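A.B. asks: File follows, work-v7.cif with mmCIF, C-alpha atoms and all ligand atoms:
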```
data_input
#
loop_
_atom_site.group_PDB
_atom_site.id
_atom_site.type_symbol
_atom_site.label_atom_id
_atom_site.label_comp_id
_atom_site.auth_asym_id
_atom_site.auth_seq_id
_atom_site.Cartn_x
_atom_site.Cartn_y
_atom_site.Cartn_z
ATOM 1 C CA MET P 1 0.000 0.000 0.000
ATOM 2 C CA SER P 2 1.327 3.458 -0.826
ATOM 3 C CA ASP P 3 2.069 5.955 1.954
ATOM 4 C CA SER P 4 -0.684 8.396 2.625
ATOM 5 C CA TYR P 5 -0.532 12.170 3.170
ATOM 6 C CA ALA P 6 -3.122 14.933 3.355
ATOM 7 C CA VAL P 7 -3.727 18.644 3.556
ATOM 8 C CA ILE P 8 -6.175 19.837 6.201
ATOM 9 C CA GLY P 9 -7.911 23.216 6.247
ATOM 10 C CA ASN P 10 -11.342 24.858 6.192
ATOM 11 C CA PRO P 11 -12.330 26.022 3.657
ATOM 12 C CA ILE P 12 -10.054 23.835 1.586
ATOM 13 C CA GLY P 13 -11.680 23.659 -1.849
ATOM 14 C CA HIS P 14 -9.122 26.054 -3.361
ATOM 15 C CA THR P 15 -6.056 24.081 -2.287
ATOM 16 C CA LYS P 16 -3.261 23.452 -4.793
ATOM 17 C CA SER P 17 -1.445 21.029 -2.463
ATOM 18 C CA PRO P 18 -2.682 17.738 -4.042
ATOM 19 C CA LEU P 19 -1.609 18.963 -7.476
ATOM 20 C CA ILE P 20 1.782 20.116 -6.194
ATOM 21 C CA HIS P 21 2.533 16.932 -4.225
ATOM 22 C CA GLY P 22 1.178 14.782 -7.052
ATOM 23 C CA LEU P 23 3.635 16.430 -9.465
ATOM 24 C CA PHE P 24 6.485 16.060 -6.956
ATOM 25 C CA ALA P 25 5.675 12.356 -6.474
ATOM 26 C CA GLN P 26 5.571 11.782 -10.226
ATOM 27 C CA GLU P 27 8.845 13.557 -10.788
ATOM 28 C CA THR P 28 10.707 11.776 -7.979
ATOM 29 C CA GLY P 29 9.065 8.371 -8.542
ATOM 30 C CA GLN P 30 7.632 8.272 -5.009
ATOM 31 C CA ASP P 31 4.636 6.031 -4.389
ATOM 32 C CA LEU P 32 2.172 8.018 -2.275
ATOM 33 C CA THR P 33 -1.415 9.183 -2.071
ATOM 34 C CA TYR P 34 -2.377 12.724 -1.103
ATOM 35 C CA VAL P 35 -5.900 13.631 -0.067
ATOM 36 C CA VAL P 36 -7.788 16.754 0.987
ATOM 37 C CA ILE P 37 -9.437 16.866 4.425
ATOM 38 C CA GLU P 38 -11.911 19.559 5.377
ATOM 39 C CA GLY P 39 -11.180 19.899 9.094
ATOM 40 C CA PRO P 40 -13.972 20.474 11.623
ATOM 41 C CA LEU P 41 -14.255 24.072 12.866
ATOM 42 C CA GLU P 42 -15.845 23.043 16.146
ATOM 43 C CA PRO P 43 -15.700 21.864 18.775
ATOM 44 C CA ALA P 44 -12.087 22.973 19.169
ATOM 45 C CA GLN P 45 -10.834 19.453 20.108
ATOM 46 C CA ALA P 46 -12.331 17.958 16.956
ATOM 47 C CA PHE P 47 -9.307 19.000 14.900
ATOM 48 C CA ALA P 48 -6.946 16.772 16.900
ATOM 49 C CA GLY P 49 -9.480 13.925 16.632
ATOM 50 C CA THR P 50 -9.485 14.206 12.840
ATOM 51 C CA VAL P 51 -5.695 14.126 12.750
ATOM 52 C CA ARG P 52 -5.615 11.101 15.099
ATOM 53 C CA ASN P 53 -8.079 9.247 12.846
ATOM 54 C CA PHE P 54 -5.829 9.898 9.870
ATOM 55 C CA ILE P 55 -2.827 8.570 11.823
ATOM 56 C CA ALA P 56 -4.812 5.493 12.885
ATOM 57 C CA ALA P 57 -5.648 4.840 9.231
ATOM 58 C CA GLY P 58 -1.905 4.794 8.432
ATOM 59 C CA GLY P 59 -1.348 8.478 7.540
ATOM 60 C CA LYS P 60 2.313 9.505 7.452
ATOM 61 C CA GLY P 61 2.098 13.291 7.309
ATOM 62 C CA MET P 62 -0.095 16.340 6.802
ATOM 63 C CA ASN P 63 0.106 19.869 5.524
ATOM 64 C CA VAL P 64 -1.867 22.268 7.654
ATOM 65 C CA THR P 65 -3.491 25.447 6.433
ATOM 66 C CA ALA P 66 -5.883 28.061 7.823
ATOM 67 C CA PRO P 67 -7.398 28.078 10.352
ATOM 68 C CA PHE P 68 -5.648 25.094 11.955
ATOM 69 C CA LYS P 69 -1.971 26.064 12.198
ATOM 70 C CA LEU P 70 -2.266 27.002 15.875
ATOM 71 C CA GLN P 71 -4.192 23.855 16.757
ATOM 72 C CA ALA P 72 -1.608 21.762 14.928
ATOM 73 C CA PHE P 73 1.059 23.518 16.980
ATOM 74 C CA ALA P 74 -0.842 22.774 20.185
ATOM 75 C CA MET P 75 -1.231 19.051 19.471
ATOM 76 C CA ALA P 76 2.367 18.417 18.324
ATOM 77 C CA ASP P 77 4.520 16.255 20.618
ATOM 78 C CA GLU P 78 7.697 17.813 19.210
ATOM 79 C CA ARG P 79 8.189 21.145 17.414
ATOM 80 C CA SER P 80 11.061 22.674 15.499
ATOM 81 C CA GLU P 81 12.570 25.964 16.654
ATOM 82 C CA ARG P 82 11.033 27.893 13.761
ATOM 83 C CA ALA P 83 7.612 26.378 14.454
ATOM 84 C CA THR P 84 8.029 27.406 18.084
ATOM 85 C CA LEU P 85 8.822 31.019 17.206
ATOM 86 C CA ALA P 86 5.978 31.103 14.696
ATOM 87 C CA GLY P 87 3.638 29.546 17.274
ATOM 88 C CA ALA P 88 2.242 27.705 14.277
ATOM 89 C CA VAL P 89 2.725 24.399 12.477
ATOM 90 C CA ASN P 90 2.180 24.057 8.731
ATOM 91 C CA ALA P 91 3.482 20.513 8.284
ATOM 92 C CA MET P 92 3.297 17.426 10.454
ATOM 93 C CA LYS P 93 5.066 14.080 10.324
ATOM 94 C CA PHE P 94 3.723 11.072 12.190
ATOM 95 C CA HIS P 95 6.266 8.681 13.646
ATOM 96 C CA HIS P 96 5.422 5.807 15.998
ATOM 97 C CA GLY P 97 2.256 7.610 17.056
ATOM 98 C CA ARG P 98 4.079 10.874 17.763
ATOM 99 C CA VAL P 99 3.224 14.122 16.006
ATOM 100 C CA ILE P 100 6.214 16.174 14.905
ATOM 101 C CA GLY P 101 5.414 19.780 13.984
ATOM 102 C CA GLU P 102 7.318 21.962 11.519
ATOM 103 C CA ASN P 103 6.841 25.324 9.873
ATOM 104 C CA PHE P 104 8.222 25.635 6.356
ATOM 105 C CA ASP P 105 6.487 28.876 5.345
ATOM 106 C CA GLY P 106 9.518 31.055 6.121
ATOM 107 C CA VAL P 107 12.158 28.775 4.572
ATOM 108 C CA GLY P 108 9.949 28.401 1.504
ATOM 109 C CA LEU P 109 9.721 32.169 1.198
ATOM 110 C CA VAL P 110 13.474 32.669 1.597
ATOM 111 C CA ARG P 111 14.206 29.954 -0.945
ATOM 112 C CA ASP P 112 11.836 31.514 -3.464
ATOM 113 C CA ILE P 113 13.455 34.924 -3.045
ATOM 114 C CA GLU P 114 17.078 33.777 -2.986
ATOM 115 C CA VAL P 115 17.066 30.827 -5.388
ATOM 116 C CA ASN P 116 14.168 31.385 -7.784
ATOM 117 C CA LEU P 117 14.257 35.175 -7.916
ATOM 118 C CA HIS P 118 18.063 35.343 -7.542
ATOM 119 C CA GLN P 119 17.914 37.971 -4.788
ATOM 120 C CA PRO P 120 20.244 36.921 -1.958
ATOM 121 C CA MET P 121 19.441 38.828 1.222
ATOM 122 C CA ALA P 122 22.929 38.840 2.749
ATOM 123 C CA GLY P 123 24.047 42.393 3.399
ATOM 124 C CA LYS P 124 20.782 43.863 2.081
ATOM 125 C CA ARG P 125 18.111 46.126 3.594
ATOM 126 C CA VAL P 126 14.939 44.116 4.033
ATOM 127 C CA LEU P 127 11.494 45.329 5.089
ATOM 128 C CA LEU P 128 8.756 43.001 6.332
ATOM 129 C CA LEU P 129 5.239 44.463 6.502
ATOM 130 C CA GLY P 130 2.997 42.959 9.170
ATOM 131 C CA ALA P 131 3.561 41.165 12.471
ATOM 132 C CA GLY P 132 1.084 38.300 12.320
ATOM 133 C CA GLY P 133 1.637 34.580 11.763
ATOM 134 C CA ALA P 134 3.274 35.024 8.366
ATOM 135 C CA VAL P 135 5.975 37.289 9.771
ATOM 136 C CA ARG P 136 6.490 35.115 12.857
ATOM 137 C CA GLY P 137 7.060 32.168 10.506
ATOM 138 C CA ALA P 138 9.468 34.134 8.328
ATOM 139 C CA LEU P 139 11.649 35.678 11.025
ATOM 140 C CA LEU P 140 14.173 32.945 11.825
ATOM 141 C CA PRO P 141 14.820 32.007 8.187
ATOM 142 C CA PHE P 142 15.112 35.712 7.294
ATOM 143 C CA MET P 143 17.624 36.283 10.096
ATOM 144 C CA ALA P 144 19.557 33.218 8.943
ATOM 145 C CA ALA P 145 19.835 34.825 5.485
ATOM 146 C CA ARG P 146 21.900 37.602 7.168
ATOM 147 C CA PRO P 147 20.443 40.845 5.852
ATOM 148 C CA ALA P 148 22.352 43.971 6.933
ATOM 149 C CA GLN P 149 19.086 45.345 8.280
ATOM 150 C CA LEU P 150 15.711 43.733 8.830
ATOM 151 C CA VAL P 151 12.837 46.062 9.698
ATOM 152 C CA ILE P 152 9.392 44.880 10.745
ATOM 153 C CA ALA P 153 6.685 47.500 10.230
ATOM 154 C CA ASN P 154 3.202 47.057 11.638
ATOM 155 C CA ARG P 155 0.093 49.133 12.363
ATOM 156 C CA HIS P 156 0.112 47.935 15.950
ATOM 157 C CA LEU P 157 3.708 48.679 16.841
ATOM 158 C CA ASP P 158 3.623 46.619 20.058
ATOM 159 C CA LYS P 159 3.205 43.380 18.063
ATOM 160 C CA ALA P 160 6.269 44.128 15.954
ATOM 161 C CA THR P 161 8.278 45.249 18.979
ATOM 162 C CA SER P 162 7.524 42.118 20.963
ATOM 163 C CA LEU P 163 8.718 39.955 18.064
ATOM 164 C CA VAL P 164 11.991 41.864 17.929
ATOM 165 C CA GLU P 165 12.421 41.555 21.699
ATOM 166 C CA GLN P 166 11.792 37.827 21.537
ATOM 167 C CA LEU P 167 14.687 37.396 19.150
ATOM 168 C CA ALA P 168 17.047 39.836 20.891
ATOM 169 C CA SER P 169 19.401 39.761 17.953
ATOM 170 C CA GLY P 170 21.013 43.193 18.151
ATOM 171 C CA ASP P 171 20.791 46.242 15.927
ATOM 172 C CA SER P 172 20.135 44.498 12.647
ATOM 173 C CA LEU P 173 16.517 43.693 13.590
ATOM 174 C CA THR P 174 14.190 46.585 14.431
ATOM 175 C CA ALA P 175 10.487 47.344 14.625
ATOM 176 C CA CYS P 176 8.644 50.482 13.571
ATOM 177 C CA GLY P 177 5.276 51.934 12.608
ATOM 178 C CA TYR P 178 4.385 52.837 9.025
ATOM 179 C CA ALA P 179 4.907 56.583 9.564
ATOM 180 C CA GLU P 180 8.553 56.022 10.482
ATOM 181 C CA LEU P 181 9.184 54.342 7.151
ATOM 182 C CA GLU P 182 8.940 57.756 5.473
ATOM 183 C CA SER P 183 12.417 58.666 6.686
ATOM 184 C CA MET P 184 14.112 55.302 6.252
ATOM 185 C CA GLY P 185 14.959 55.418 2.566
ATOM 186 C CA PRO P 186 14.649 52.584 0.058
ATOM 187 C CA PHE P 187 14.918 48.871 0.852
ATOM 188 C CA ASP P 188 16.350 46.180 -1.420
ATOM 189 C CA LEU P 189 13.464 43.875 -0.597
ATOM 190 C CA VAL P 190 9.958 44.719 0.641
ATOM 191 C CA VAL P 191 7.702 41.802 1.588
ATOM 192 C CA ASN P 192 4.005 42.347 2.154
ATOM 193 C CA ALA P 193 3.224 39.772 4.827
ATOM 194 C CA THR P 194 0.073 41.531 6.039
ATOM 195 C CA SER P 195 -3.344 40.098 5.288
ATOM 196 C CA ALA P 196 -4.381 43.393 3.640
ATOM 197 C CA SER P 197 -4.320 41.996 0.091
ATOM 198 C CA LEU P 198 -6.854 39.317 0.978
ATOM 199 C CA THR P 199 -9.422 42.105 1.212
ATOM 200 C CA GLY P 200 -8.001 44.250 -1.605
ATOM 201 C CA GLN P 201 -6.486 46.741 0.858
ATOM 202 C CA LEU P 202 -3.121 48.443 0.884
ATOM 203 C CA PRO P 203 -0.971 48.720 4.010
ATOM 204 C CA PRO P 204 -0.103 52.408 4.558
ATOM 205 C CA VAL P 205 3.393 51.999 3.189
ATOM 206 C CA PRO P 206 5.110 55.047 1.631
ATOM 207 C CA GLN P 207 6.390 54.696 -1.919
ATOM 208 C CA SER P 208 9.825 55.832 -0.747
ATOM 209 C CA VAL P 209 10.548 52.342 0.676
ATOM 210 C CA PHE P 210 10.853 50.952 -2.841
ATOM 211 C CA SER P 211 14.022 50.896 -4.872
ATOM 212 C CA PRO P 212 13.800 50.537 -8.671
ATOM 213 C CA HIS P 213 16.522 47.878 -8.542
ATOM 214 C CA GLY P 214 14.911 46.101 -5.616
ATOM 215 C CA THR P 215 12.211 43.487 -5.206
ATOM 216 C CA ALA P 216 8.627 43.752 -3.982
ATOM 217 C CA TYR P 217 7.130 40.464 -2.841
ATOM 218 C CA GLU P 218 3.467 39.848 -2.121
ATOM 219 C CA LEU P 219 2.760 36.808 0.039
ATOM 220 C CA ALA P 220 -0.728 36.322 -1.370
ATOM 221 C CA TYR P 221 -0.829 34.531 -4.707
ATOM 222 C CA GLY P 222 -3.114 34.208 -7.694
ATOM 223 C CA LYS P 223 -4.590 37.665 -7.061
ATOM 224 C CA GLY P 224 -2.834 39.420 -9.925
ATOM 225 C CA LEU P 225 -1.470 42.908 -9.283
ATOM 226 C CA THR P 226 -2.555 43.610 -5.710
ATOM 227 C CA PRO P 227 -2.631 47.255 -4.504
ATOM 228 C CA PHE P 228 0.789 46.621 -2.914
ATOM 229 C CA LEU P 229 2.336 45.292 -6.124
ATOM 230 C CA ARG P 230 0.744 48.090 -8.126
ATOM 231 C CA LEU P 231 2.272 50.669 -5.772
ATOM 232 C CA ALA P 232 5.662 48.999 -6.197
ATOM 233 C CA ARG P 233 5.337 48.864 -9.961
ATOM 234 C CA ASP P 234 4.310 52.529 -10.066
ATOM 235 C CA ALA P 235 7.418 53.310 -8.020
ATOM 236 C CA GLY P 236 9.451 51.747 -10.816
ATOM 237 C CA VAL P 237 10.343 48.467 -9.074
ATOM 238 C CA GLN P 238 11.600 45.995 -11.663
ATOM 239 C CA GLY P 239 11.262 42.826 -9.616
ATOM 240 C CA ILE P 240 7.719 42.148 -8.463
ATOM 241 C CA ALA P 241 6.499 38.715 -7.426
ATOM 242 C CA ASP P 242 3.584 37.078 -5.700
ATOM 243 C CA GLY P 243 3.656 34.116 -3.311
ATOM 244 C CA VAL P 244 3.175 31.259 -5.755
ATOM 245 C CA GLY P 245 6.865 30.365 -5.547
ATOM 246 C CA MET P 246 6.710 30.344 -1.755
ATOM 247 C CA LEU P 247 3.675 28.053 -1.889
ATOM 248 C CA VAL P 248 5.539 25.538 -4.023
ATOM 249 C CA GLU P 249 8.810 25.862 -2.082
ATOM 250 C CA GLN P 250 7.228 25.271 1.323
ATOM 251 C CA ALA P 251 5.540 22.193 -0.175
ATOM 252 C CA ALA P 252 8.925 21.032 -1.491
ATOM 253 C CA GLU P 253 10.408 21.407 2.004
ATOM 254 C CA ALA P 254 7.630 19.259 3.474
ATOM 255 C CA PHE P 255 8.011 16.674 0.697
ATOM 256 C CA THR P 256 11.765 16.481 1.298
ATOM 257 C CA TRP P 257 11.221 16.129 5.057
ATOM 258 C CA TRP P 258 8.701 13.330 4.543
ATOM 259 C CA ARG P 259 10.326 11.408 1.706
ATOM 260 C CA GLY P 260 14.050 12.167 1.969
ATOM 261 C CA VAL P 261 14.202 13.296 -1.654
ATOM 262 C CA ARG P 262 14.021 16.898 -2.906
ATOM 263 C CA PRO P 263 11.713 17.550 -5.851
ATOM 264 C CA GLU P 264 12.376 20.076 -8.610
ATOM 265 C CA THR P 265 10.146 23.111 -8.218
ATOM 266 C CA ARG P 266 10.608 25.199 -11.380
ATOM 267 C CA ALA P 267 8.139 23.372 -13.616
ATOM 268 C CA VAL P 268 5.527 23.273 -10.846
ATOM 269 C CA ILE P 269 5.872 27.010 -10.157
ATOM 270 C CA ASP P 270 5.556 27.748 -13.874
ATOM 271 C CA ARG P 271 2.450 25.608 -14.075
ATOM 272 C CA LEU P 272 0.754 27.417 -11.169
ATOM 273 C CA THR P 273 1.835 30.948 -12.012
ATOM 274 C CA VAL P 274 -0.926 33.349 -12.938
ATOM 275 C CA PRO P 275 0.633 36.294 -14.828
ATOM 276 C CA LEU P 276 0.683 39.457 -12.739
ATOM 277 C CA ASN P 277 -0.249 41.808 -15.568
HETATM 278 P P1 LIG M 1 -2.373 35.712 11.607
HETATM 279 O O1 LIG M 1 -3.674 35.108 11.929
HETATM 280 O O2 LIG M 1 -1.651 35.100 10.465
HETATM 281 O O3 LIG M 1 -1.476 35.988 12.766
HETATM 282 P P2 LIG M 1 -3.226 38.345 11.688
HETATM 283 O O4 LIG M 1 -2.953 38.358 13.126
HETATM 284 O O5 LIG M 1 -4.582 38.612 11.165
HETATM 285 O O6 LIG M 1 -2.757 37.068 10.987
HETATM 286 O O7 LIG M 1 -2.184 39.344 11.090
HETATM 287 C C1 LIG M 1 -2.316 39.901 9.887
HETATM 288 C C2 LIG M 1 -1.308 41.045 9.779
HETATM 289 O O8 LIG M 1 -1.747 41.875 8.732
HETATM 290 C C3 LIG M 1 -1.216 41.900 11.018
HETATM 291 O O9 LIG M 1 0.128 42.312 11.173
HETATM 292 C C4 LIG M 1 -2.110 43.100 10.681
HETATM 293 O O10 LIG M 1 -1.730 44.296 11.301
HETATM 294 P P3 LIG M 1 -2.117 44.612 12.829
HETATM 295 O O11 LIG M 1 -1.368 43.647 13.675
HETATM 296 O O12 LIG M 1 -1.649 46.007 13.044
HETATM 297 O O13 LIG M 1 -3.603 44.420 12.910
HETATM 298 C C5 LIG M 1 -1.847 43.210 9.210
HETATM 299 N N1 LIG M 1 -2.891 43.889 8.464
HETATM 300 C C6 LIG M 1 -4.120 43.428 8.128
HETATM 301 N N2 LIG M 1 -4.799 44.324 7.375
HETATM 302 C C7 LIG M 1 -3.969 45.385 7.215
HETATM 303 C C8 LIG M 1 -4.066 46.643 6.528
HETATM 304 N N3 LIG M 1 -5.152 46.991 5.856
HETATM 305 N N4 LIG M 1 -3.009 47.476 6.598
HETATM 306 C C9 LIG M 1 -1.893 47.143 7.283
HETATM 307 N N5 LIG M 1 -1.736 45.983 7.947
HETATM 308 C C10 LIG M 1 -2.745 45.115 7.913
#
```
Would you put the structure from the file into structure tokens?
C.D. replies:
Amino acid sequence: MSDSYAVIGNPIGHTKSPLIHGLFAQETGQDLTYVVIEGPLEPAQAFAGTVRNFIAAGGKGMNVTAPFKLQAFAMADERSERATLAGAVNAMKFHHGRVIGENFDGVGLVRDIEVNLHQPMAGKRVLLLGAGGAVRGALLPFMAARPAQLVIANRHLDKATSLVEQLASGDSLTACGYAELESMGPFDLVVNATSASLTGQLPPVPQSVFSPHGTAYELAYGKGLTPFLRLARDAGVQGIADGVGMLVEQAAEAFTWWRGVRPETRAVIDRLTVPLN
């Protein structure tokens, strides 16, 4: 019998994960099945019950998407350091009845930026917009990429500040409000990790943060030119990208973790890319 994996979320109809993992399995010759599970929204304990049923039926691992990343974190028996900082788990591996929790969102994002978009962060000025789960997941991998300066800007400054304090990593990591960005000059990389684009909104980011030779990255994907990307394009930014590459790269990380073999991502990203213009 082939090994069985799943993605769990709610709603989950839009998920690209079965397609992505199916293509990875084909390409690497791995024998596995990958199903979609619509997780129960309530009662709160029902999520863990659904996961346990999948394990009892022989499940080997799961991808976790909204709104279950915190519940997956809570039920994990072991968690990686980046999952711990994120307070969220987006991939689980089941081993002898134990649930091991990981978070590959940040590494997937860094890999997309550095490898696929050819924009190494070392020594660069990097701006992260937002201080929610997406930024918490990105922080450790971003720090590991050694930017000269990493600034987290958020509407509620206290959320950004507490993240910076948690990491206590010196002067290279700072928090600020949007107004302060006005006087900070251009950044090499600006990542919109707020949820503003999901509702067609624009974070109050000044155009002066963009550099024509830099990169503007929108975490949302498949939404075309979001207000954030449009602002960047109007500021003359050459490199604009949405989160489709991150989606595929975080899946590749999970696949590698589960199967011990790394799939190629380029063809899968190309297949899922919706042109921005
Ligand atoms: P999660 O559930 O992933 O943690 P969240 O807490 O909803 O997500 O966080 C979403 C992020 O997007 C937050 O940083 C939020 O800013 P605040 O913490 O100040 O609320 C940010 N966000 C959402 N809509 C925004 C908007 N229109 N402009 C700027 N930031 C926005």
A.B. asks: Which of these residues is nearest to ligand LIG 1 (chain M), using all atoms listed in the file: P:Lys159, P:Arg52, P:Arg146, P:Arg266?
C.D. replies: P:Lys159
A.B. asks: List all protein, DNA and RNA residues that have at least one atom no more than 7 Å from any atom of ligand LIG 1 (chain M), counting only C-alpha atoms and all ligand atoms, and write them as a count of residues only.
C.D. replies: 17
A.B. asks: Here is a test: counting all atoms listed in the file, which residue of P:Gly260, P:Gly97, P:Gly22, P:Gly214 is nearest to P:Gly239?
C.D. replies: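 So, comparing all the options, the nearest one is P:Gly214.
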A.B. asks: Evaluate the PyMOL selection byres (((chain P and resi 78) around 8) and not hetatm) against this structure - the residues, as a list in words, please.
C.D. replies: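 When the PyMOL selection byres (((chain P and resi 78) around 8) and not hetatm) is applied to the shown file, the picked residues are Ala76, Asp77, Arg79, Ser80, Arg98, Val99, Ile100 and Gly101 of chain P.
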A.B. asks: Between atom CA of P:Leu189 and atom CA of P:Leu127, what distance in Å does the model show, to one decimal?
C.D. replies: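 Going from atom CA of P:Leu189 over to atom CA of P:Leu127 covers 6.2 Å.
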A.B. asks: Tell me which residues the PyMOL selection byres (((chain P and resi 64) around 8) and not hetatm) grabs here, as a ChimeraX atom specification.
C.D. replies: /P:7-9,62-63,65-66,68-69,72,89-92
A.B. asks: Excluding P:Pro141 and any residue of its chain fewer than 6 positions from it, enumerate the residues within 7 Å of it, using all atoms listed in the file, and give them as a CSV table (one decimal) with C-alpha atoms, keeping the file's coordinate frame.
C.D. replies:
```
chain,number,residue,atom,x,y,z
P,106,GLY,CA,9.5,31.1,6.1
P,107,VAL,CA,12.2,28.8,4.6
P,110,VAL,CA,13.5,32.7,1.6
```
A.B. asks: Please measure the separation of atom CA of P:Lys223 and atom CA of P:Ile113, giving the value in Å to one decimal.
C.D. replies: 18.7 Å
A.B. asks: Between P:Arg271, P:Glu114, P:Pro206, P:Asp234, which residue has the minimum interatomic distance to P:Leu19, considering all atoms listed in the file?
C.D. replies: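 Nearest candidate to P:Leu19 out of P:Arg271, P:Glu114, P:Pro206, P:Asp234: P:Arg271.
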A.B. asks: Name the residues that the PyMOL selection byres (((chain P and resi 258) around 10) and not hetatm) pulls out of this structure, and write them as JSON, numbers by chain.
C.D. replies: {"P": [5, 60, 61, 62, 91, 92, 93, 94, 252, 253, 254, 255, 256, 257, 259, 260, 261, 262]}
A.B. asks: What would stretch 153-159 of chain P look like with all heavy atoms restored, written as a PDB file, in the frame of the given file?
C.D. replies:
```pdb
ATOM      1  N   ALA P 153       7.602  46.372  10.061  1.00  0.00           N
ATOM      2  CA  ALA P 153       6.685  47.500  10.230  1.00  0.00           C
ATOM      3  C   ALA P 153       5.272  46.967  10.406  1.00  0.00           C
ATOM      4  O   ALA P 153       4.835  46.087   9.660  1.00  0.00           O
ATOM      5  CB  ALA P 153       6.741  48.424   9.015  1.00  0.00           C
ATOM      6  N   ASN P 154       4.578  47.499  11.404  1.00  0.00           N
ATOM      7  CA  ASN P 154       3.202  47.057  11.638  1.00  0.00           C
ATOM      8  C   ASN P 154       2.346  48.204  12.141  1.00  0.00           C
ATOM      9  O   ASN P 154       2.856  49.142  12.754  1.00  0.00           O
ATOM     10  CB  ASN P 154       3.183  45.905  12.661  1.00  0.00           C
ATOM     11  CG  ASN P 154       1.892  45.120  12.590  1.00  0.00           C
ATOM     12  OD1 ASN P 154       1.423  44.797  11.506  1.00  0.00           O
ATOM     13  ND2 ASN P 154       1.304  44.819  13.732  1.00  0.00           N
ATOM     14  N   ARG P 155       1.030  48.116  11.861  1.00  0.00           N
ATOM     15  CA  ARG P 155       0.093  49.133  12.363  1.00  0.00           C
ATOM     16  C   ARG P 155       0.152  49.178  13.879  1.00  0.00           C
ATOM     17  O   ARG P 155       0.298  50.228  14.479  1.00  0.00           O
ATOM     18  CB  ARG P 155      -1.344  48.787  11.929  1.00  0.00           C
ATOM     19  CG  ARG P 155      -1.652  49.044  10.500  1.00  0.00           C
ATOM     20  CD  ARG P 155      -3.101  48.803  10.229  1.00  0.00           C
ATOM     21  NE  ARG P 155      -3.587  47.511  10.700  1.00  0.00           N
ATOM     22  CZ  ARG P 155      -4.685  46.932  10.294  1.00  0.00           C
ATOM     23  NH1 ARG P 155      -5.439  47.519   9.396  1.00  0.00           N
ATOM     24  NH2 ARG P 155      -5.067  45.762  10.762  1.00  0.00           N
ATOM     25  N   HIS P 156      -0.005  48.013  14.491  1.00  0.00           N
ATOM     26  CA  HIS P 156       0.112  47.935  15.950  1.00  0.00           C
ATOM     27  C   HIS P 156       1.581  47.667  16.276  1.00  0.00           C
ATOM     28  O   HIS P 156       2.042  46.524  16.211  1.00  0.00           O
ATOM     29  CB  HIS P 156      -0.780  46.829  16.506  1.00  0.00           C
ATOM     30  CG  HIS P 156      -2.248  47.112  16.314  1.00  0.00           C
ATOM     31  ND1 HIS P 156      -2.953  46.673  15.224  1.00  0.00           N
ATOM     32  CD2 HIS P 156      -3.115  47.821  17.074  1.00  0.00           C
ATOM     33  CE1 HIS P 156      -4.209  47.092  15.314  1.00  0.00           C
ATOM     34  NE2 HIS P 156      -4.335  47.802  16.427  1.00  0.00           N
ATOM     35  N   LEU P 157       2.260  48.756  16.651  1.00  0.00           N
ATOM     36  CA  LEU P 157       3.708  48.679  16.841  1.00  0.00           C
ATOM     37  C   LEU P 157       4.100  47.654  17.899  1.00  0.00           C
ATOM     38  O   LEU P 157       5.118  46.972  17.784  1.00  0.00           O
ATOM     39  CB  LEU P 157       4.225  50.076  17.216  1.00  0.00           C
ATOM     40  CG  LEU P 157       5.720  50.206  17.466  1.00  0.00           C
ATOM     41  CD1 LEU P 157       6.519  49.747  16.261  1.00  0.00           C
ATOM     42  CD2 LEU P 157       6.076  51.648  17.811  1.00  0.00           C
ATOM     43  N   ASP P 158       3.267  47.526  18.958  1.00  0.00           N
ATOM     44  CA  ASP P 158       3.623  46.619  20.058  1.00  0.00           C
ATOM     45  C   ASP P 158       3.827  45.187  19.573  1.00  0.00           C
ATOM     46  O   ASP P 158       4.697  44.469  20.066  1.00  0.00           O
ATOM     47  CB  ASP P 158       2.550  46.683  21.163  1.00  0.00           C
ATOM     48  CG  ASP P 158       1.153  46.438  20.610  1.00  0.00           C
ATOM     49  OD1 ASP P 158       0.888  46.832  19.450  1.00  0.00           O
ATOM     50  OD2 ASP P 158       0.324  45.840  21.317  1.00  0.00           O
ATOM     51  N   LYS P 159       3.055  44.756  18.570  1.00  0.00           N
ATOM     52  CA  LYS P 159       3.205  43.380  18.063  1.00  0.00           C
ATOM     53  C   LYS P 159       4.564  43.194  17.394  1.00  0.00           C
ATOM     54  O   LYS P 159       5.243  42.186  17.583  1.00  0.00           O
ATOM     55  CB  LYS P 159       2.089  43.062  17.050  1.00  0.00           C
ATOM     56  CG  LYS P 159       0.851  42.473  17.705  1.00  0.00           C
ATOM     57  CD  LYS P 159      -0.323  42.442  16.762  1.00  0.00           C
ATOM     58  CE  LYS P 159      -0.328  41.259  15.814  1.00  0.00           C
ATOM     59  NZ  LYS P 159      -1.565  41.237  14.987  1.00  0.00           N
TER      60      LYS P 159
END
```
